[in-house]
file coords_19.tsv (TSV, C-alpha atoms and all ligand atoms)
chain	number	residue	atom	x	y	z
A	1	MET	CA	-20.94	-152.09	92.68
A	2	ALA	CA	-24.48	-150.85	92.11
A	3	GLY	CA	-27.17	-150.82	94.79
A	4	ASP	CA	-30.70	-149.52	95.19
A	5	GLU	CA	-32.66	-152.67	96.05
A	6	LYS	CA	-35.53	-151.97	98.44
A	7	GLY	CA	-34.93	-152.41	102.17
A	8	GLN	CA	-31.42	-153.78	101.86
A	9	VAL	CA	-28.86	-153.25	104.64
A	10	LYS	CA	-25.29	-153.63	103.46
A	11	GLU	CA	-21.76	-152.95	104.62
A	12	ILE	CA	-19.03	-151.38	102.52
A	13	LEU	CA	-15.81	-152.90	103.81
A	14	GLU	CA	-13.35	-152.51	100.96
A	15	SER	CA	-11.74	-149.54	99.26
A	16	GLY	CA	-13.39	-148.70	95.96
A	17	GLU	CA	-15.95	-146.59	94.18
A	18	TYR	CA	-19.57	-147.58	94.72
A	19	GLN	CA	-22.56	-146.33	92.79
A	20	LEU	CA	-25.37	-146.51	95.34
A	21	SER	CA	-28.22	-145.33	93.10
A	22	THR	CA	-29.12	-143.53	89.95
A	23	GLY	CA	-32.10	-141.28	89.26
A	24	PRO	CA	-33.27	-137.94	87.89
A	25	ASN	CA	-30.72	-136.08	90.08
A	26	GLY	CA	-27.86	-138.23	88.69
A	27	ASP	CA	-25.71	-141.04	90.07
A	28	SER	CA	-25.05	-141.18	93.82
A	29	ILE	CA	-21.47	-142.32	94.37
A	30	ILE	CA	-19.24	-143.13	97.33
A	31	LEU	CA	-15.46	-143.45	97.09
A	32	LEU	CA	-13.80	-145.22	100.03
A	33	VAL	CA	-10.01	-145.25	100.47
A	34	ARG	CA	-9.33	-147.07	103.71
A	35	ASP	CA	-5.57	-146.32	103.73
A	36	PHE	CA	-5.52	-142.78	102.29
A	37	LEU	CA	-3.06	-141.73	105.04
A	38	SER	CA	-0.25	-143.98	106.27
A	39	PRO	CA	-0.57	-144.95	109.97
A	40	THR	CA	2.27	-142.56	110.92
A	41	GLU	CA	0.77	-139.67	108.93
A	42	ALA	CA	-2.62	-140.33	110.46
A	43	ASP	CA	-1.11	-140.36	113.99
A	44	ASP	CA	0.70	-137.05	113.37
A	45	ILE	CA	-2.35	-135.34	111.85
A	46	TYR	CA	-4.62	-136.59	114.64
A	47	LYS	CA	-2.24	-135.12	117.25
A	48	HIS	CA	-1.96	-131.87	115.29
A	49	CYS	CA	-5.75	-131.49	115.06
A	50	LEU	CA	-6.26	-132.18	118.77
A	51	GLU	CA	-3.64	-129.59	119.69
A	52	GLU	CA	-4.29	-126.89	117.08
A	53	MET	CA	-7.96	-126.91	116.10
A	54	PRO	CA	-10.27	-124.72	118.24
A	55	PHE	CA	-12.95	-127.38	118.86
A	56	GLU	CA	-16.06	-126.00	120.63
A	57	LEU	CA	-19.58	-127.10	121.52
A	58	TYR	CA	-22.41	-125.44	119.53
A	59	LYS	CA	-26.13	-125.06	120.23
A	60	ASN	CA	-28.28	-125.66	117.15
A	61	THR	CA	-31.92	-125.76	116.06
A	62	ARG	CA	-32.30	-128.19	113.15
A	63	GLU	CA	-34.19	-126.76	110.21
A	64	ASP	CA	-35.82	-130.09	109.24
A	65	THR	CA	-37.04	-131.25	112.69
A	66	GLY	CA	-37.13	-127.95	114.65
A	67	GLU	CA	-35.26	-129.69	117.48
A	68	THR	CA	-32.89	-127.50	119.60
A	69	LEU	CA	-29.88	-129.16	121.19
A	70	VAL	CA	-26.21	-128.74	122.01
A	71	GLU	CA	-24.61	-130.62	119.10
A	72	PRO	CA	-23.28	-133.91	120.55
A	73	ARG	CA	-19.70	-133.43	119.32
A	74	LYS	CA	-17.20	-130.57	119.23
A	75	ILE	CA	-16.79	-128.55	116.03
A	76	ALA	CA	-14.06	-126.37	114.47
A	77	TRP	CA	-14.24	-124.55	111.13
A	78	TYR	CA	-11.84	-123.07	108.59
A	79	GLY	CA	-13.09	-121.57	105.35
A	80	ASP	CA	-12.69	-118.71	102.92
A	81	TYR	CA	-16.34	-117.68	103.39
A	82	THR	CA	-18.99	-117.71	106.12
A	83	TYR	CA	-20.85	-121.02	106.40
A	84	THR	CA	-24.34	-121.32	107.90
A	85	TYR	CA	-26.33	-124.50	108.51
A	86	ASP	CA	-29.52	-124.61	110.53
A	87	THR	CA	-28.94	-121.92	113.22
A	88	ILE	CA	-25.13	-122.22	113.40
A	89	THR	CA	-22.99	-119.65	111.58
A	90	HIS	CA	-19.24	-120.11	111.16
A	91	PRO	CA	-17.67	-116.80	110.10
A	92	ALA	CA	-14.95	-116.96	107.43
A	93	LYS	CA	-11.64	-118.11	108.92
A	94	LYS	CA	-8.76	-117.96	106.47
A	95	GLU	CA	-5.91	-118.78	108.87
A	96	TRP	CA	-5.59	-122.48	108.00
A	97	THR	CA	-2.81	-124.50	109.60
A	98	GLU	CA	-0.09	-125.85	107.27
A	99	THR	CA	-1.27	-129.39	107.96
A	100	LEU	CA	-4.86	-128.64	106.98
A	101	ILE	CA	-3.65	-126.90	103.79
A	102	ASN	CA	-1.48	-129.92	102.89
A	103	ILE	CA	-4.38	-132.32	103.27
A	104	ARG	CA	-6.59	-130.01	101.21
A	105	GLN	CA	-4.03	-130.02	98.39
A	106	ARG	CA	-3.73	-133.81	98.45
A	107	LEU	CA	-7.49	-134.19	98.37
A	108	GLU	CA	-7.89	-131.69	95.52
A	109	LYS	CA	-5.43	-133.74	93.46
A	110	LYS	CA	-7.02	-137.05	94.40
A	111	ILE	CA	-10.58	-136.04	93.53
A	112	ASP	CA	-9.90	-133.32	90.94
A	113	TYR	CA	-12.21	-130.90	92.75
A	114	LYS	CA	-11.49	-127.56	94.45
A	115	LEU	CA	-11.96	-127.37	98.24
A	116	ASN	CA	-12.05	-124.13	100.25
A	117	SER	CA	-13.43	-125.12	103.65
A	118	VAL	CA	-12.93	-127.75	106.31
A	119	LEU	CA	-15.31	-128.62	109.11
A	120	GLY	CA	-13.67	-130.53	111.95
A	121	ASN	CA	-15.80	-132.80	114.15
A	122	LEU	CA	-14.42	-134.18	117.41
A	123	TYR	CA	-16.38	-137.18	118.70
A	124	ARG	CA	-15.23	-137.40	122.32
A	125	ASP	CA	-16.67	-140.82	123.15
A	126	LYS	CA	-19.36	-143.36	122.22
A	127	SER	CA	-22.20	-140.87	122.93
A	128	ASP	CA	-21.01	-138.26	120.44
A	129	MET	CA	-22.67	-138.52	117.04
A	130	VAL	CA	-24.05	-136.66	114.05
A	131	PRO	CA	-27.70	-137.41	113.22
A	132	TRP	CA	-29.04	-138.31	109.77
A	133	HIS	CA	-28.74	-135.36	107.42
A	134	SER	CA	-27.59	-134.26	103.95
A	135	ASP	CA	-25.11	-131.49	103.22
A	136	ASN	CA	-27.57	-129.82	100.87
A	137	GLU	CA	-27.02	-126.14	101.64
A	138	PRO	CA	-27.24	-124.17	98.37
A	139	GLU	CA	-23.74	-122.71	98.87
A	140	PHE	CA	-22.23	-126.15	98.06
A	141	GLY	CA	-23.87	-126.10	94.64
A	142	VAL	CA	-25.62	-128.91	92.77
A	143	ASN	CA	-24.12	-132.39	93.22
A	144	PRO	CA	-21.02	-131.34	95.20
A	145	SER	CA	-18.07	-133.61	95.97
A	146	ILE	CA	-17.39	-133.77	99.72
A	147	ALA	CA	-14.18	-135.34	101.03
A	148	SER	CA	-14.02	-136.62	104.57
A	149	ILE	CA	-10.96	-137.85	106.49
A	150	SER	CA	-11.24	-140.01	109.62
A	151	LEU	CA	-8.67	-140.01	112.45
A	152	GLY	CA	-8.65	-141.86	115.76
A	153	GLU	CA	-11.33	-144.33	116.81
A	154	GLU	CA	-13.03	-146.29	114.04
A	155	ARG	CA	-16.71	-145.33	113.82
A	156	ARG	CA	-19.56	-146.43	111.54
A	157	PHE	CA	-20.74	-144.10	108.78
A	158	GLY	CA	-24.40	-144.64	107.84
A	159	LEU	CA	-25.93	-143.94	104.43
A	160	ARG	CA	-29.68	-144.17	103.80
A	161	LYS	CA	-31.66	-143.36	100.68
A	162	VAL	CA	-34.17	-140.53	100.96
A	163	PRO	CA	-37.70	-141.93	100.45
A	164	PRO	CA	-39.85	-140.77	97.50
A	165	GLU	CA	-41.97	-138.61	99.84
A	166	GLY	CA	-38.88	-136.62	100.91
A	167	PRO	CA	-36.38	-136.37	103.81
A	168	LEU	CA	-39.05	-136.50	106.55
A	169	GLY	CA	-40.68	-139.64	105.08
A	170	ASP	CA	-40.55	-143.33	106.01
A	171	TYR	CA	-37.07	-144.87	105.77
A	172	SER	CA	-38.06	-148.38	106.89
A	173	ASN	CA	-37.93	-149.88	103.37
A	174	MET	CA	-35.13	-147.77	101.98
A	175	PRO	CA	-31.59	-148.97	101.18
A	176	LEU	CA	-29.17	-148.58	104.10
A	177	TYR	CA	-25.38	-148.99	104.13
A	178	TRP	CA	-22.87	-149.02	106.99
A	179	VAL	CA	-19.25	-148.09	106.27
A	180	PRO	CA	-16.62	-148.59	109.01
A	181	LEU	CA	-14.18	-145.66	108.83
A	182	PRO	CA	-10.71	-146.55	110.14
A	183	HIS	CA	-7.90	-144.19	111.24
A	184	GLY	CA	-6.47	-142.51	108.12
A	185	SER	CA	-9.36	-143.36	105.79
A	186	LEU	CA	-11.04	-141.14	103.19
A	187	VAL	CA	-14.66	-141.12	102.10
A	188	VAL	CA	-15.81	-138.99	99.18
A	189	MET	CA	-19.52	-138.42	98.54
A	190	LYS	CA	-20.18	-137.46	94.93
A	191	GLY	CA	-22.98	-136.81	92.47
A	192	ALA	CA	-26.50	-136.79	93.89
A	193	MET	CA	-25.51	-138.10	97.36
A	194	GLN	CA	-26.57	-134.85	99.11
A	195	PHE	CA	-30.00	-134.89	97.50
A	196	ASP	CA	-30.91	-138.57	97.21
A	197	TRP	CA	-29.17	-139.89	100.37
A	198	GLN	CA	-28.59	-138.94	104.02
A	199	HIS	CA	-25.57	-139.80	106.15
A	200	CYS	CA	-24.81	-140.05	109.88
A	201	ILE	CA	-22.34	-141.19	112.54
A	202	PRO	CA	-24.46	-143.01	115.15
A	203	LYS	CA	-23.80	-143.41	118.88
A	204	GLU	CA	-22.11	-146.68	119.78
A	205	GLU	CA	-22.75	-149.09	122.66
A	206	ARG	CA	-19.09	-150.10	123.00
A	207	GLU	CA	-16.58	-147.74	124.63
A	208	CYS	CA	-14.96	-145.41	122.09
A	209	GLN	CA	-11.79	-143.35	122.17
A	210	PRO	CA	-11.98	-139.90	120.50
A	211	ARG	CA	-12.39	-139.62	116.73
A	212	ILE	CA	-11.70	-136.57	114.56
A	213	ASN	CA	-13.36	-136.07	111.22
A	214	LEU	CA	-12.19	-133.46	108.70
A	215	THR	CA	-14.88	-132.70	106.10
A	216	TYR	CA	-13.53	-130.70	103.15
A	217	ARG	CA	-15.97	-128.93	100.85
A	218	TRP	CA	-16.15	-126.22	98.19
A	219	LEU	CA	-18.24	-123.20	99.19
A	220	ILE	CA	-19.36	-121.16	96.20
A	221	PRO	CA	-18.07	-117.57	96.64
A	222	PRO	CA	-21.07	-115.41	97.69
A	223	ASP	CA	-20.98	-113.22	94.56
A	224	GLU	CA	-21.09	-116.31	92.29
A	225	ARG	CA	-24.02	-118.03	94.01
A	226	PRO	CA	-27.00	-118.71	91.74
A	227	MET	CA	-30.52	-118.49	93.11
A	228	GLN	CA	-31.22	-122.08	94.26
A	229	THR	CA	-33.62	-123.98	96.39
A	230	LYS	CA	-32.90	-127.03	98.54
A	231	GLU	CA	-35.41	-129.11	96.55
A	232	HIS	CA	-32.92	-129.43	93.66
B	301	LIG	O1	-17.88	-137.50	111.04
B	301	LIG	C1	-18.18	-137.83	109.90
B	301	LIG	O2	-17.58	-138.73	109.30
B	301	LIG	C2	-19.33	-137.14	109.20
B	301	LIG	C3	-19.50	-135.69	109.55
B	301	LIG	C4	-20.68	-135.07	108.87
B	301	LIG	O3	-21.54	-135.74	108.37
B	301	LIG	C5	-20.83	-133.62	108.80
B	301	LIG	O4	-20.08	-132.87	109.43
B	301	LIG	O5	-21.75	-133.16	108.06

call {"tool": "encode", "arguments": {"input": "coords_19.tsv", "output": "structure tokens"}}
result
Amino acid sequence: MAGDEKGQVKEILESGEYQLSTGPNGDSIILLVRDFLSPTEADDIYKHCLEEMPFELYKNTREDTGETLVEPRKIAWYGDYTYTYDTITHPAKKEWTETLINIRQRLEKKIDYKLNSVLGNLYRDKSDMVPWHSDNEPEFGVNPSIASISLGEERRFGLRKVPPEGPLGDYSNMPLYWVPLPHGSLVVMKGAMQFDWQHCIPKEERECQPRINLTYRWLIPPDERPMQTKEH
């Protein structure tokens, strides 16, 4: 499926690969696999993550808006190198659990892309969310693949195209997609998604049970990082 009509709002409800746009930065692609984990696997991994991952609240000042807040979700991090976004720094943490390593290996095979970090997000209820943003830190490199597993409550994943004037511009006429993410599903963002699109998990009005998200990414080793800017 190809998108990119002005002002459209669409839902992505079926597993598949979707090219959302194409442009000077390349194609922006989403892969959705709604049943990546079997229901039993997803139940076991969800329980494991709740019991084993050191989820904590973090205070952050967003670089793009300057807003300071306690992030409205709990976060846990594992990675071979330190990861910094906005004013949060996660020091390297190499003691991955077996379960998180197994998922990483399955994902690496599935998407043919190396992964050396996982950010866990625990959305406790309907008020927890992640605001619109792109994962465009230079340490992920140009056009990274980012693989994201959902466990627990189904939540909506939003995708909106960055306007021509840049990330702080007017989104009212830009393409917008909503993707429901069920227990055990996988979303992969590929190509120019982190430069041409933003994503979010919004608050919900209905009551929500907890949801855990595991976002796997490749962090370029510090001594291999080229000089880059976020403008791409
Ligand atoms: O919870 C999700 O599915 C998305 C998480 C996310 O966007 C992030 O951690 O950057």

call {"tool": "residues_near_ligand", "arguments": {"input": "coords_19.tsv", "ligand": "ligand LIG 301 (chain B)", "cutoff": "7 Å", "atoms": "all atoms listed in the file", "output": "mmCIF file with C-alpha atoms, keeping the file's coordinate frame"}}
result
data_model
loop_
_atom_site.group_PDB
_atom_site.id
_atom_site.type_symbol
_atom_site.label_atom_id
_atom_site.label_comp_id
_atom_site.auth_asym_id
_atom_site.auth_seq_id
_atom_site.Cartn_x
_atom_site.Cartn_y
_atom_site.Cartn_z
ATOM 1 C CA LEU A 119 -15.310 -128.620 109.110
ATOM 2 C CA ASN A 121 -15.800 -132.800 114.150
ATOM 3 C CA VAL A 130 -24.050 -136.660 114.050
ATOM 4 C CA ASP A 135 -25.110 -131.490 103.220
ATOM 5 C CA SER A 148 -14.020 -136.620 104.570
ATOM 6 C CA SER A 150 -11.240 -140.010 109.620
ATOM 7 C CA PHE A 157 -20.740 -144.100 108.780
ATOM 8 C CA HIS A 199 -25.570 -139.800 106.150
ATOM 9 C CA CYS A 200 -24.810 -140.050 109.880
ATOM 10 C CA ILE A 201 -22.340 -141.190 112.540
ATOM 11 C CA ASN A 213 -13.360 -136.070 111.220
ATOM 12 C CA THR A 215 -14.880 -132.700 106.100
#

call {"tool": "atom_distance", "arguments": {"input": "coords_19.tsv", "atom1": "atom CA of A:Phe55", "atom2": "atom CA of A:Pro39"}}
result
23.3 Å

call {"tool": "atom_distance", "arguments": {"input": "coords_19.tsv", "atom1": "atom CA of A:Glu71", "atom2": "atom CA of A:Tyr58"}}
result
5.6 Å

call {"tool": "residues_near_point", "arguments": {"input": "coords_19.tsv", "point": "(-5.2, -126.5, 104.6)", "cutoff": "10 Å", "atoms": "all atoms listed in the file", "output": "ChimeraX atom specification"}}
result
/A:78-79,94-106,115-118,216

call {"tool": "residues_around", "arguments": {"input": "coords_19.tsv", "residues": "stretch 182-186 of chain A", "least_positions_apart": "3", "cutoff": "12 Å", "atoms": "all atoms listed in the file", "output": "PyMOL selection string"}}
result
chain A and resi 13-17+30-46+103+106-107+110-111+146-157+179+189+209-216

call {"tool": "atom_distance", "arguments": {"input": "coords_19.tsv", "atom1": "atom CA of A:Ile29", "atom2": "atom CA of A:Lys190"}}
result
5.1 Å

call {"tool": "closest_residue", "arguments": {"input": "coords_19.tsv", "among": "A:Pro54, A:Gly66, A:Pro131, A:Pro144", "to": "A:Gly158", "atoms": "only C-alpha atoms"}}
result
A:Pro131

call {"tool": "closest_residue", "arguments": {"input": "coords_19.tsv", "among": "A:Arg124, A:Glu165, A:Pro91, A:Asp64", "to": "A:Trp77", "atoms": "only C-alpha atoms"}}
result
A:Pro91

call {"tool": "closest_residue", "arguments": {"input": "coords_19.tsv", "among": "A:Pro138, A:Leu219, A:Lys126, A:Pro226", "to": "A:Asp80", "atoms": "only C-alpha atoms"}}
result
A:Leu219

call {"tool": "residues_near_point", "arguments": {"input": "coords_19.tsv", "point": "(-23.9, -125.1, 108.8)", "cutoff": "10 Å", "atoms": "all atoms listed in the file", "output": "PDB file with C-alpha atoms, keeping the file's coordinate frame"}}
result
ATOM      1  CA  ASN A  60     -28.280-125.660 117.150  1.00  0.00           C
ATOM      2  CA  ARG A  62     -32.300-128.190 113.150  1.00  0.00           C
ATOM      3  CA  TRP A  77     -14.240-124.550 111.130  1.00  0.00           C
ATOM      4  CA  THR A  82     -18.990-117.710 106.120  1.00  0.00           C
ATOM      5  CA  TYR A  83     -20.850-121.020 106.400  1.00  0.00           C
ATOM      6  CA  THR A  84     -24.340-121.320 107.900  1.00  0.00           C
ATOM      7  CA  TYR A  85     -26.330-124.500 108.510  1.00  0.00           C
ATOM      8  CA  ASP A  86     -29.520-124.610 110.530  1.00  0.00           C
ATOM      9  CA  THR A  87     -28.940-121.920 113.220  1.00  0.00           C
ATOM     10  CA  ILE A  88     -25.130-122.220 113.400  1.00  0.00           C
ATOM     11  CA  THR A  89     -22.990-119.650 111.580  1.00  0.00           C
ATOM     12  CA  HIS A  90     -19.240-120.110 111.160  1.00  0.00           C
ATOM     13  CA  LEU A 119     -15.310-128.620 109.110  1.00  0.00           C
ATOM     14  CA  ASP A 135     -25.110-131.490 103.220  1.00  0.00           C
ATOM     15  CA  ASN A 136     -27.570-129.820 100.870  1.00  0.00           C
ATOM     16  CA  GLU A 137     -27.020-126.140 101.640  1.00  0.00           C
TER      17      GLU A 137
END

call {"tool": "closest_residue", "arguments": {"input": "coords_19.tsv", "among": "A:Leu57, A:Pro202, A:Leu181, A:Asp196", "to": "A:Lys161", "atoms": "all atoms listed in the file"}}
result
A:Asp196

call {"tool": "closest_residue", "arguments": {"input": "coords_19.tsv", "among": "A:Thr65, A:Lys114, A:Met129, A:Gly120", "to": "A:Leu168", "atoms": "all atoms listed in the file"}}
result
A:Thr65

call {"tool": "decode", "arguments": {"input": "coords_19.tsv", "residues": "stretch 8-22 of chain A", "atoms": "N, CA and C atoms", "output": "compact mmCIF listing (two decimals), in the first residue's frame"}}
result
# COMPACT_ATOMS: atom_id res chain seq x y z
N GLN A 8 -5.02 12.98 4.85
CA GLN A 8 -5.77 11.75 5.05
C GLN A 8 -5.57 11.22 6.47
N VAL A 9 -6.61 10.57 7.02
CA VAL A 9 -6.47 9.84 8.27
C VAL A 9 -6.86 8.41 7.96
N LYS A 10 -5.96 7.48 8.21
CA LYS A 10 -6.22 6.09 7.85
C LYS A 10 -5.87 5.18 9.01
N GLU A 11 -6.42 3.96 8.95
CA GLU A 11 -6.05 2.94 9.93
C GLU A 11 -5.31 1.83 9.21
N ILE A 12 -4.33 1.26 9.89
CA ILE A 12 -3.66 0.06 9.36
C ILE A 12 -4.08 -1.08 10.28
N LEU A 13 -4.88 -1.98 9.73
CA LEU A 13 -5.53 -3.01 10.55
C LEU A 13 -5.04 -4.41 10.24
N GLU A 14 -4.30 -4.55 9.14
CA GLU A 14 -3.87 -5.90 8.75
C GLU A 14 -2.36 -6.00 8.68
N SER A 15 -1.87 -7.21 8.97
CA SER A 15 -0.42 -7.44 8.87
C SER A 15 0.03 -7.17 7.44
N GLY A 16 1.21 -6.62 7.31
CA GLY A 16 1.75 -6.37 5.97
C GLY A 16 2.79 -5.27 6.01
N GLU A 17 3.39 -5.03 4.86
CA GLU A 17 4.38 -3.95 4.76
C GLU A 17 3.74 -2.80 4.00
N TYR A 18 3.86 -1.61 4.55
CA TYR A 18 3.18 -0.44 4.01
C TYR A 18 4.21 0.65 3.75
N GLN A 19 4.23 1.11 2.51
CA GLN A 19 5.09 2.26 2.19
C GLN A 19 4.26 3.52 2.39
N LEU A 20 4.59 4.30 3.41
CA LEU A 20 3.75 5.46 3.74
C LEU A 20 4.09 6.68 2.91
N SER A 21 5.36 6.80 2.50
CA SER A 21 5.73 7.95 1.66
C SER A 21 7.08 7.67 1.02
N THR A 22 7.39 8.50 0.06
CA THR A 22 8.72 8.44 -0.54
C THR A 22 9.18 9.87 -0.78
